[in-house]
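Here is the structure we will look at.
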Amino acid sequence: MKSKFLNRFDFIILLCVIFLSTFGILFVYSARFTSKGLINSTQYIKQIIWAGVGLVFIFFICLGDYKRIRRYSHYLFIFLLGILVFTRLFGRKVNGARSWLGIGGFGIQPSEFGKILFIFYMARFLEESKNMDGFLRFVFGNLIMFLPMGLILTQPDLGTASVYFPIFLFMGFMAGIPVRYLLFELGFLLLTIVLSVLPVYNQFIPETPHPFLLVLSNFRLRLVLIFVTGMIAAMSAWVRRFLHGKKYFYWITYIFLCITGSLILSMFMQKFLTGITNTYPDGTSKAQAISDLLKHPSKWLEFPTRWRDLSYQMKRLIIFMKPEIDIQGAGWNIYQSKIAIGSGGFWGRGFLQGTQSHNGWLPEQSTDFIFGILSEETGFIGGFAILSIYMILFLRIIQIIKNNQSVYGTYIATGILAMYAFHFFINIGMLMGIMPITGIPLLFLSYGGSSLLTAMICAGILMNINYHKMELH
């Protein structure tokens, strides 16, 4: 009986969770330790409480059977959509996003917990649709993804919303959705983001702009480009009908259709990301303002005013491409995080000895940038240890996926792996300046009850899946 009870706990996952959560508590504490030796926050106490609650959740989740949730997953998904609508209308606004519900000092972020409900329902859909046409399966899967994702974007919370996309890609790949559809969507999304940012980025660089950027910045020239790429896609599709077996015509259609769609959508996305009107308060049009900036260097004295009119999402994307453009403002986070990581050296400055954090130079040091203070105080050794624990966790999840006999459990474990991996690579990448700042926390380490409890609940689900791995249904 005792052996059967202990078998419910995957001790590799459990130890990884405990180690990472402990490191998180230590450096949340350090992040609030000032240069004068004072604690200016009780965040570390809350983190201890949330970690304890999370371990209790893991314990009870391991005692159940995850497959029982399957029959209720569609109701839970409807509940998720309802709570996201309620949050958008009546939620608490924090850091510009209406994404929190709470009373007094207690608050939760429904979109974080919603990732679990989304994974469960997506797994059910992919399991039940295995005999459906691949394209229809892809389309319906996207509809399921875009419902919660779209509601979260309206809050607006671009960081949390973006996590839903890799979850769908990983689960769709594991479920056998044709790779060409998934690659098309991934390429389409990345190209759309690039084409949305480049014209705005072109407005804020003092160098001579590239001719292609001028084309993207001109509405009429962009329409001509859309027409040309669209015609190439249409002609190659038409020719392919008469030249059977010529696969390169298929790929020409594939590529140029992706380019055409991205050019069209990027125009709308650019409006969404900039968050500014076509004219400034003084009546000057944006087009005229940009022209003046390019022709008359003295106009760059007005640059800060133009820069402030951009939304924070667009600023983050531009800063990723050129941090020094606003190093005292939007580029400050990346600049200081690089200094913090580099100043740690090999062995680190020592626990509670970091200068970037304790002097208040590293922003959001207990949440999005917690790896910066960890690297400064523990150096390369500490950073490598944390990365190694994450790698052990990822490899263990991959092993669970390989050994599991239940299709439903396999899809759920894949979704959780995608969520963990996306948070990890984006958060670490943005601290090093190789990924844009998106406000995505480092799971298990960053301060925050919603993200920590979500990560721990998922760990419990993984253990449950592993315990029932030999059950087909």
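Residues in the structure tokens are numbered from 1 in each chain, the chains being A, B, ... in the order shown, and ligands are numbered from 1 in the order shown.
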task = Determine, counting only C-alpha atoms, which protein, DNA and RNA residues have an atom within 8 Å of an atom of segment 380-392 of chain A; residues of the same chain fewer than 4 positions away are not included. Present the result as a list of chain:residue names.
result =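 Near neighbours after the sequence-gap exclusion: A:Cys16, A:Leu20, A:Gly344, A:Gly345, A:Phe346, A:Trp347, A:Gly348, A:Phe371, A:Leu374, A:Ser375, A:Arg396.
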task = Give me every alpha helix (DSSP H) residue in segment 45-219 of chain A, going by DSSP on the backbone, as number ranges by chain.
result = A: 45-63, 73-90, 110-128, 134-153, 158-174, 179-203, 211-217, 219
ask   = Suppose you want the space between atom CA of Asp10 of chain A and atom CA of Tyr44 of chain A; what is it in Å?
value =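 About the pair atom CA of Asp10 of chain A and atom CA of Tyr44 of chain A: they are 27.0 Å apart.
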message = as a VMD selection string, please: the residues near segment 438-446 of chain A (cut-off 9 Å, only C-alpha atoms, same-chain neighbours under 6 positions excluded).
response = chain A and resid 17 to 18 20 to 25 27 to 28 51 157 to 160 162 to 163 313 316 to 317 365 to 371 420 423 to 428 430 452 to 456
